[in-house]
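Pasted below: query-v5.cif, mmCIF, C-alpha atoms and all ligand atoms.
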```cif
data_query
#
loop_
_atom_site.label_atom_id
_atom_site.label_comp_id
_atom_site.auth_asym_id
_atom_site.auth_seq_id
_atom_site.Cartn_x
_atom_site.Cartn_y
_atom_site.Cartn_z
CA MET A 1 0.00 0.00 0.00
CA ARG A 2 3.07 2.20 0.05
CA GLY A 3 2.23 3.66 -3.37
CA LEU A 4 -0.96 5.27 -1.98
CA ARG A 5 0.85 7.34 0.65
CA SER A 6 1.14 11.06 0.02
CA ASP A 7 4.26 11.56 2.21
CA PRO A 8 7.26 9.30 1.82
CA VAL A 9 7.86 7.23 4.94
CA THR A 10 11.27 8.03 6.38
CA SER A 11 11.05 6.12 9.65
CA VAL A 12 9.08 3.21 11.13
CA THR A 13 8.94 2.13 14.80
CA VAL A 14 8.05 -1.43 15.84
CA ARG A 15 7.31 -2.68 19.36
CA VAL A 16 8.32 -6.26 20.11
CA PRO A 17 7.62 -8.33 23.24
CA ALA A 18 9.88 -10.49 25.40
CA LYS A 19 9.08 -14.17 25.83
CA VAL A 20 9.11 -16.60 28.70
CA ASN A 21 9.14 -20.37 28.09
CA LEU A 22 6.33 -22.14 29.92
CA GLN A 23 7.66 -25.55 28.90
CA LEU A 24 11.17 -25.93 27.54
CA SER A 25 11.83 -29.61 26.90
CA VAL A 26 15.21 -30.26 25.32
CA GLY A 27 15.93 -33.37 23.25
CA PRO A 28 19.35 -34.86 22.50
CA PRO A 29 21.95 -32.78 20.61
CA ARG A 30 21.62 -32.89 16.81
CA ASP A 31 24.39 -33.14 14.24
CA ASP A 32 24.07 -29.41 13.45
CA GLY A 33 24.83 -28.45 17.08
CA TYR A 34 21.22 -27.56 17.90
CA HIS A 35 18.71 -29.50 20.01
CA ASP A 36 15.19 -30.52 19.05
CA LEU A 37 12.76 -28.86 21.41
CA VAL A 38 9.23 -28.62 22.60
CA ASN A 39 9.23 -24.98 23.49
CA VAL A 40 5.99 -23.38 24.71
CA PHE A 41 6.61 -19.68 24.11
CA HIS A 42 4.51 -17.02 25.85
CA ALA A 43 4.89 -13.34 24.89
CA VAL A 44 4.84 -10.89 27.81
CA SER A 45 4.45 -7.14 28.14
CA LEU A 46 8.11 -6.13 28.32
CA PHE A 47 8.87 -4.46 25.01
CA ASP A 48 11.86 -3.37 22.97
CA GLU A 49 11.32 -0.70 20.32
CA VAL A 50 13.18 -0.71 17.03
CA THR A 51 13.04 2.38 14.81
CA ALA A 52 14.34 2.05 11.26
CA SER A 53 15.15 5.34 9.49
CA ASP A 54 16.25 6.02 5.93
CA GLY A 55 19.98 6.41 5.49
CA ALA A 56 22.91 5.34 7.63
CA ARG A 57 24.22 7.90 10.10
CA THR A 58 27.72 9.29 10.03
CA ALA A 59 30.09 8.57 12.90
CA GLY A 60 30.03 12.29 13.84
CA GLU A 61 26.41 12.06 15.03
CA GLY A 62 27.12 10.16 18.25
CA PRO A 63 28.02 6.64 19.37
CA VAL A 64 26.89 4.77 16.28
CA ALA A 65 28.24 1.42 15.23
CA VAL A 66 28.52 0.66 11.57
CA SER A 67 28.18 -2.46 9.48
CA GLY A 68 28.42 -1.50 5.82
CA GLU A 69 25.59 0.97 5.16
CA THR A 70 23.72 0.00 8.34
CA THR A 71 24.23 1.91 11.57
CA VAL A 72 22.78 1.10 14.98
CA THR A 73 22.37 2.79 18.35
CA VAL A 74 21.16 1.05 21.51
CA SER A 75 19.75 2.48 24.73
CA CYS A 76 18.95 0.28 27.73
CA GLU A 77 18.04 0.65 31.37
CA GLY A 78 20.93 0.08 33.78
CA ASP A 79 24.40 -0.45 32.39
CA SER A 80 23.70 -3.45 30.18
CA ALA A 81 24.16 -1.60 26.84
CA GLY A 82 27.74 -2.88 26.84
CA LEU A 83 26.43 -6.45 26.46
CA VAL A 84 24.76 -5.65 23.12
CA PRO A 85 27.02 -6.17 20.09
CA LEU A 86 27.20 -3.01 18.00
CA ASP A 87 28.79 -4.49 14.91
CA GLY A 88 27.65 -6.96 12.26
CA GLU A 89 26.95 -9.47 15.09
CA ASN A 90 23.94 -7.41 16.22
CA LEU A 91 20.88 -9.50 15.30
CA ALA A 92 18.88 -6.44 14.21
CA VAL A 93 21.67 -5.46 11.80
CA LYS A 94 21.81 -9.06 10.52
CA ALA A 95 18.04 -8.92 10.00
CA ALA A 96 18.19 -5.69 7.97
CA LEU A 97 20.98 -7.12 5.81
CA ALA A 98 19.15 -10.45 5.30
CA LEU A 99 15.94 -8.65 4.30
CA ALA A 100 17.76 -6.35 1.86
CA ALA A 101 19.54 -9.37 0.32
CA ARG A 102 16.21 -11.21 -0.05
CA ALA A 103 14.65 -8.14 -1.70
CA GLY A 104 17.73 -7.58 -3.89
CA ARG A 105 18.04 -3.97 -2.81
CA PRO A 106 20.85 -1.92 -1.38
CA VAL A 107 20.69 -1.34 2.37
CA SER A 108 21.12 2.12 3.82
CA VAL A 109 19.35 2.32 7.16
CA HIS A 110 19.77 3.50 10.72
CA LEU A 111 18.37 1.26 13.48
CA ALA A 112 17.69 2.85 16.88
CA ILE A 113 16.95 0.18 19.51
CA ARG A 114 15.32 1.07 22.83
CA LYS A 115 15.60 -1.91 25.13
CA ALA A 116 13.38 -2.82 28.07
CA ILE A 117 13.93 -6.57 27.62
CA PRO A 118 16.91 -7.72 29.73
CA VAL A 119 20.05 -8.18 27.63
CA ALA A 120 21.33 -11.81 27.47
CA GLY A 121 18.59 -12.55 30.01
CA GLY A 122 16.85 -15.61 28.51
CA MET A 123 13.88 -13.54 27.32
CA ALA A 124 14.81 -13.40 23.62
CA GLY A 125 15.74 -9.70 23.60
CA GLY A 126 18.15 -10.08 20.68
CA SER A 127 15.55 -12.05 18.72
CA ALA A 128 12.96 -9.36 19.49
CA ASP A 129 15.26 -6.73 17.98
CA ALA A 130 15.76 -8.86 14.86
CA ALA A 131 11.99 -9.27 14.52
CA GLY A 132 11.55 -5.51 15.01
CA ALA A 133 14.12 -4.74 12.33
CA LEU A 134 12.45 -7.14 9.86
CA VAL A 135 9.00 -5.60 10.31
CA ALA A 136 10.30 -2.00 10.38
CA CYS A 137 12.50 -2.36 7.27
CA ASN A 138 9.80 -4.30 5.38
CA GLU A 139 7.49 -1.31 5.95
CA LEU A 140 10.11 1.41 5.46
CA TRP A 141 11.24 -0.08 2.16
CA GLY A 142 7.68 -0.89 1.04
CA LEU A 143 8.59 -4.53 0.34
CA GLY A 144 5.22 -6.03 1.22
CA LEU A 145 6.65 -9.38 2.42
CA THR A 146 4.10 -11.49 4.30
CA GLY A 147 4.41 -12.50 7.97
CA GLN A 148 5.24 -16.03 6.83
CA GLU A 149 8.06 -14.76 4.59
CA LEU A 150 9.48 -12.65 7.42
CA MET A 151 9.32 -15.71 9.70
CA GLU A 152 11.35 -17.75 7.21
CA ILE A 153 14.05 -15.06 7.11
CA GLY A 154 13.86 -14.73 10.92
CA GLY A 155 14.20 -18.48 11.50
CA ALA A 156 17.55 -18.47 9.72
CA LEU A 157 18.78 -15.64 12.01
CA GLY A 158 17.86 -17.24 15.34
CA SER A 159 15.58 -19.93 16.74
CA ASP A 160 13.41 -17.46 18.71
CA VAL A 161 12.96 -14.80 16.00
CA PRO A 162 9.83 -16.34 14.38
CA PHE A 163 8.05 -16.32 17.75
CA ALA A 164 8.97 -12.66 18.36
CA LEU A 165 7.13 -11.95 15.08
CA LEU A 166 4.12 -14.12 15.95
CA GLY A 167 3.63 -13.36 19.67
CA ASP A 168 0.78 -14.58 21.95
CA THR A 169 1.43 -18.23 22.95
CA ALA A 170 2.75 -20.95 20.67
CA VAL A 171 4.48 -24.31 20.70
CA GLY A 172 7.84 -24.28 18.94
CA THR A 173 9.32 -27.50 17.63
CA GLY A 174 12.47 -28.22 15.62
CA ARG A 175 15.02 -25.69 16.95
CA GLY A 176 12.00 -23.79 18.26
CA GLU A 177 11.35 -22.05 14.93
CA LYS A 178 8.39 -24.20 13.74
CA LEU A 179 5.39 -22.64 15.45
CA GLN A 180 1.86 -23.71 16.24
CA PRO A 181 -0.34 -21.13 18.02
CA VAL A 182 -1.86 -22.30 21.33
CA PRO A 183 -5.28 -21.12 22.56
CA VAL A 184 -5.16 -19.32 25.91
CA GLY A 185 -8.26 -18.71 28.02
CA GLY A 186 -7.13 -15.72 30.08
CA GLU A 187 -4.38 -13.34 31.10
CA PHE A 188 -1.45 -14.41 33.28
CA HIS A 189 0.49 -12.14 35.64
CA TRP A 190 4.24 -12.43 35.95
CA VAL A 191 7.20 -11.11 37.88
CA PHE A 192 10.63 -11.19 36.28
CA ALA A 193 13.67 -11.02 38.54
CA LEU A 194 16.50 -9.52 36.52
CA ALA A 195 20.04 -10.62 37.33
CA GLU A 196 23.42 -8.94 37.13
CA GLY A 197 25.10 -9.81 33.82
CA GLY A 198 23.92 -12.36 31.28
CA LEU A 199 24.30 -16.02 30.31
CA SER A 200 25.33 -17.31 26.89
CA THR A 201 22.57 -19.48 25.40
CA ALA A 202 25.12 -21.76 23.71
CA LYS A 203 26.99 -22.23 27.01
CA VAL A 204 23.81 -23.16 28.87
CA TYR A 205 22.86 -25.77 26.24
CA GLY A 206 26.43 -27.10 26.45
CA GLU A 207 26.20 -27.34 30.25
CA CYS A 208 22.83 -29.12 29.91
CA ASP A 209 24.49 -31.77 27.69
CA ARG A 210 27.43 -32.08 30.09
CA LEU A 211 25.18 -32.56 33.13
CA ARG A 212 23.08 -35.15 31.30
CA GLU A 213 26.15 -37.07 30.27
CA ALA A 214 27.65 -36.90 33.77
CA THR A 215 24.46 -38.23 35.39
CA GLY A 216 23.72 -40.77 32.64
CA GLU A 217 20.24 -39.23 32.23
CA ARG A 218 18.19 -40.89 29.49
CA VAL A 219 16.99 -38.06 27.26
CA ALA A 220 13.43 -38.58 26.09
CA TRP A 221 12.05 -37.18 22.84
CA PRO A 222 10.30 -33.95 23.94
CA GLN A 223 6.49 -33.91 24.06
CA ALA A 224 4.04 -31.09 24.79
CA ASP A 225 2.62 -31.47 28.30
CA ASP A 226 -1.17 -32.02 28.22
CA VAL A 227 -1.67 -30.63 31.74
CA LEU A 228 0.10 -27.40 30.80
CA MET A 229 -1.91 -27.08 27.56
CA ALA A 230 -5.18 -27.61 29.43
CA ALA A 231 -4.17 -25.01 32.07
CA LEU A 232 -3.46 -22.49 29.29
CA ALA A 233 -6.77 -23.18 27.55
CA ALA A 234 -8.64 -22.79 30.85
CA GLY A 235 -6.67 -19.71 31.96
CA ASP A 236 -5.89 -21.57 35.21
CA ALA A 237 -2.84 -19.91 36.78
CA LYS A 238 -2.63 -22.35 39.73
CA VAL A 239 -2.37 -25.44 37.51
CA LEU A 240 -0.10 -23.63 35.06
CA GLY A 241 2.23 -22.61 37.92
CA GLU A 242 2.73 -26.24 38.90
CA ALA A 243 3.22 -27.39 35.30
CA LEU A 244 5.97 -24.88 34.37
CA VAL A 245 9.13 -26.75 33.36
CA ASN A 246 12.51 -25.83 31.93
CA ASP A 247 15.09 -28.51 31.07
CA LEU A 248 17.77 -25.80 30.86
CA GLN A 249 17.20 -24.78 34.48
CA PRO A 250 19.71 -27.17 36.16
CA ALA A 251 22.41 -25.97 33.73
CA ALA A 252 21.58 -22.28 34.28
CA LEU A 253 21.64 -22.82 38.07
CA MET A 254 25.00 -24.57 37.79
CA LEU A 255 26.44 -21.62 35.85
CA CYS A 256 24.79 -18.99 38.07
CA ARG A 257 24.43 -20.29 41.65
CA PRO A 258 22.72 -17.17 43.15
CA LEU A 259 19.60 -18.00 41.10
CA VAL A 260 18.84 -20.90 43.48
CA ARG A 261 18.14 -18.31 46.20
CA THR A 262 16.14 -16.12 43.83
CA LEU A 263 13.82 -19.00 42.89
CA SER A 264 13.26 -20.10 46.49
CA ALA A 265 12.59 -16.50 47.62
CA GLY A 266 9.83 -16.26 44.99
CA ARG A 267 8.26 -19.54 46.11
CA GLU A 268 8.45 -18.46 49.79
CA HIS A 269 6.63 -15.24 48.89
CA GLY A 270 3.73 -17.15 47.36
CA ALA A 271 4.53 -17.46 43.63
CA LEU A 272 2.27 -20.04 41.96
CA GLY A 273 5.24 -21.18 39.91
CA ALA A 274 8.92 -20.25 39.62
CA LEU A 275 11.46 -21.06 36.92
CA VAL A 276 14.48 -19.79 35.07
CA SER A 277 13.36 -18.04 31.87
CA GLY A 278 14.86 -19.83 28.84
CA SER A 279 18.64 -20.04 29.26
CA GLY A 280 18.52 -17.47 32.11
CA PRO A 281 19.62 -15.72 34.17
CA THR A 282 16.22 -13.96 34.43
CA CYS A 283 13.85 -15.83 36.80
CA ALA A 284 10.10 -15.86 36.10
CA PHE A 285 7.36 -16.11 38.74
CA LEU A 286 3.67 -16.62 38.09
CA ALA A 287 1.23 -14.74 40.33
CA GLU A 288 -2.51 -15.03 40.92
CA SER A 289 -3.30 -11.41 39.95
CA ALA A 290 -1.68 -8.12 38.93
CA ALA A 291 -1.84 -6.95 42.58
CA GLU A 292 -0.10 -10.12 43.81
CA ALA A 293 2.54 -9.76 41.10
CA ALA A 294 3.26 -6.18 42.27
CA GLU A 295 3.60 -7.39 45.90
CA LEU A 296 5.87 -10.24 44.89
CA ALA A 297 8.10 -7.87 42.88
CA THR A 298 8.46 -5.60 45.91
CA ALA A 299 9.24 -8.57 48.18
CA LEU A 300 11.91 -9.95 45.80
CA GLN A 301 13.59 -6.58 45.58
CA ALA A 302 13.50 -6.14 49.35
CA ALA A 303 15.01 -9.62 49.80
CA GLY A 304 18.02 -8.52 47.72
CA VAL A 305 17.88 -11.62 45.50
CA CYS A 306 17.91 -9.79 42.14
CA ARG A 307 19.14 -6.63 40.43
CA SER A 308 15.53 -5.53 40.00
CA ALA A 309 12.08 -7.11 39.64
CA VAL A 310 9.50 -6.06 37.06
CA THR A 311 5.89 -7.10 36.50
CA ALA A 312 4.32 -8.02 33.17
CA TYR A 313 1.30 -9.84 31.76
CA GLY A 314 0.80 -12.23 28.91
CA PRO A 315 -0.05 -13.17 26.29
CA VAL A 316 0.57 -10.10 24.11
CA PRO A 317 0.87 -9.77 20.31
CA GLY A 318 4.18 -10.13 18.46
CA ALA A 319 6.09 -7.39 16.59
CA THR A 320 3.67 -4.53 15.87
CA ILE A 321 4.16 -1.25 14.02
CA VAL A 322 3.61 1.75 16.33
CA PRO A 323 1.24 4.21 14.61
CA THR A 324 3.01 7.51 13.85
CA ASP A 325 0.73 9.59 16.13
CA HIS A 326 1.61 7.32 19.10
CA ARG A 327 5.29 8.10 18.92
O1 LIG B 401 19.23 -20.06 17.41
P1 LIG B 401 20.04 -19.23 18.33
O2 LIG B 401 21.09 -18.44 17.62
O3 LIG B 401 19.26 -18.39 19.26
O4 LIG B 401 20.81 -20.26 19.27
C1 LIG B 401 21.92 -19.88 20.05
C2 LIG B 401 22.66 -21.13 20.48
O5 LIG B 401 21.82 -21.89 21.40
C3 LIG B 401 22.96 -22.10 19.35
O6 LIG B 401 24.19 -21.80 18.75
C4 LIG B 401 23.01 -23.44 20.08
O7 LIG B 401 24.24 -23.61 20.73
C5 LIG B 401 21.96 -23.28 21.17
N1 LIG B 401 20.64 -23.84 20.77
C6 LIG B 401 20.49 -25.22 20.76
N2 LIG B 401 19.28 -25.76 20.39
C7 LIG B 401 18.24 -24.95 20.07
C8 LIG B 401 18.37 -23.55 20.10
C9 LIG B 401 19.59 -23.03 20.45
O8 LIG B 401 21.42 -25.96 21.06
N3 LIG B 401 17.07 -25.50 19.74
#
```

Can I see the file as structure tokens?
Ligand code: C5P
Amino acid sequence: MRGLRSDPVTSVTVRVPAKVNLQLSVGPPRDDGYHDLVNVFHAVSLFDEVTASDGARTAGEGPVAVSGETTVTVSCEGDSAGLVPLDGENLAVKAALALAARAGRPVSVHLAIRKAIPVAGGMAGGSADAAGALVACNELWGLGLTGQELMEIGGALGSDVPFALLGDTAVGTGRGEKLQPVPVGGEFHWVFALAEGGLSTAKVYGECDRLREATGERVAWPQADDVLMAALAAGDAKVLGEALVNDLQPAALMLCRPLVRTLSAGREHGALGALVSGSGPTCAFLAESAAEAAELATALQAAGVCRSAVTAYGPVPGATIVPTDHR
């Protein structure tokens, strides 16, 4: 529909949610270094914003990082901006380049990323930024690619990128990139305890394999949990809290021991369920209501078991263009 616009679009902003994994069941390692999963993704109301603007910036305009004709700036809460790669390794930059290559067009774009999703926190912040860049550049350049086409490009960039595009709640299989939406009968209230520093996803998977080998654990082929699916369909937070499961949790706890205390503090303060989010180190707690989530966040902060605690709800939609008059 770009041709119908009277003014040329020079910038597009996209809001993208974080995810928490409600069930993360990890199969044996594959030949390509990945693991087959059953990954129940749930999008929650912590959002990054990616703004794509025409034309790369020049180095004189501030702390911009450059990859070819793509420049990127990142702002985050706290001092975690240093954990975000500002070169061609940045997933949003990779996304812009992959989209331009697919469209056979030159790429000259500036990406401004405003992060609220914890960096390297197990909540798919990098994948969210890639999804944001795909949707923003698709619109900015008037490419008209479908959601499915963007998901295919996103899946090649990272296992969690397709879900950041789709949002709501979905089961991911394969590496986590093959998605099937899951019906959810209500809203769930969460507290996320943010940790100091981050964990490398690859390292946590590696530690998971090491622990399994050391204990001789027989690794079953992952299956979606019927109890968890029924709890989601019914909107039953109590049952969901008990069904939450993350096979990466023992590995994340091994690599980051203080999280053991964080999880037990949440349970002691009445969380319906507590688990490490994805590969961590963020911990996720399910609460009965928004008011109970706010109380739990205050209690976790007062207990000194996290850098900070934030509340959120889910499910929420995936990457969405922010209308111009809302910016
Ligand atoms: O796909 P993504 O780039 O997010 O994955 C990061 C790393 O996490 C991979 O290089 C791999 O080591 C590990 N991983 C895995 N199995 C998956 C997804 C990720 O082993 N299904």

**OP:** Write out as a PyMOL selection string each polymer residue (protein, DNA or RNA) that has an atom no more than 9 Å from ligand LIG 401 (chain B), with all atoms listed in the file counted.
**Re:** chain A and resi 26-27+29-30+32-39+124+126-127+155-161+173-177+200-206+279

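Each of A:Leu165, A:Ala303, A:Gly132, A:Ala95 was compared to A:Gly147 using all atoms listed in the file, and A:Leu165 turns out to be the nearest.
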
**OP:** Give me, please, the distance in Å between atom CA of A:Gln23 and atom CA of A:Glu295, quoted to one decimal.
**Re:**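 Pair atom CA of A:Gln23 / atom CA of A:Glu295 returns 25.2 Å.
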
Subject >> Distance query stretch 221-233 of chain A at most 9 Å, all atoms listed in the file, self and fewer than 6 positions along chain excluded, as a VMD selection string >> reply: chain A and resid 22 to 28 36 to 40 171 182 to 186 239 to 244

Original post:
Looking at all atoms listed in the file, which of A:Phe192, A:Phe285, A:Trp141, A:Phe163 is the one that sits closest to A:Gly55?
Top reply: A:Trp141

Subject >> Selected residue, from A:Leu99, A:Thr169, A:Val50, A:Lys115, that lies nearest to A:Leu143 when counting all atoms listed in the file >> reply: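 Ranked by minimum distance to A:Leu143, first place goes to A:Leu99.
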
**OP:** Name the residues in contact with A:Gly273 at a cut-off of 12 Å, using all atoms listed in the file, excluding same-chain residues fewer than 2 positions from it; report them as number ranges by chain.
**Re:** A: 22, 188-192, 237-246, 263-271, 275-277, 283-288, 293

Subject >> Coordinates-based distance that separates atom CA of A:Ile113 from atom CA of A:Ala319 (Å, one decimal) >> reply: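 A separation of 13.6 Å between them.
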
**OP:** Identify which of the residues A:Asp79, A:Glu152, A:Glu69, A:Glu187 lies closest to A:Val109, counting all atoms listed in the file when measuring atom-to-atom distances.
**Re:** A:Glu69
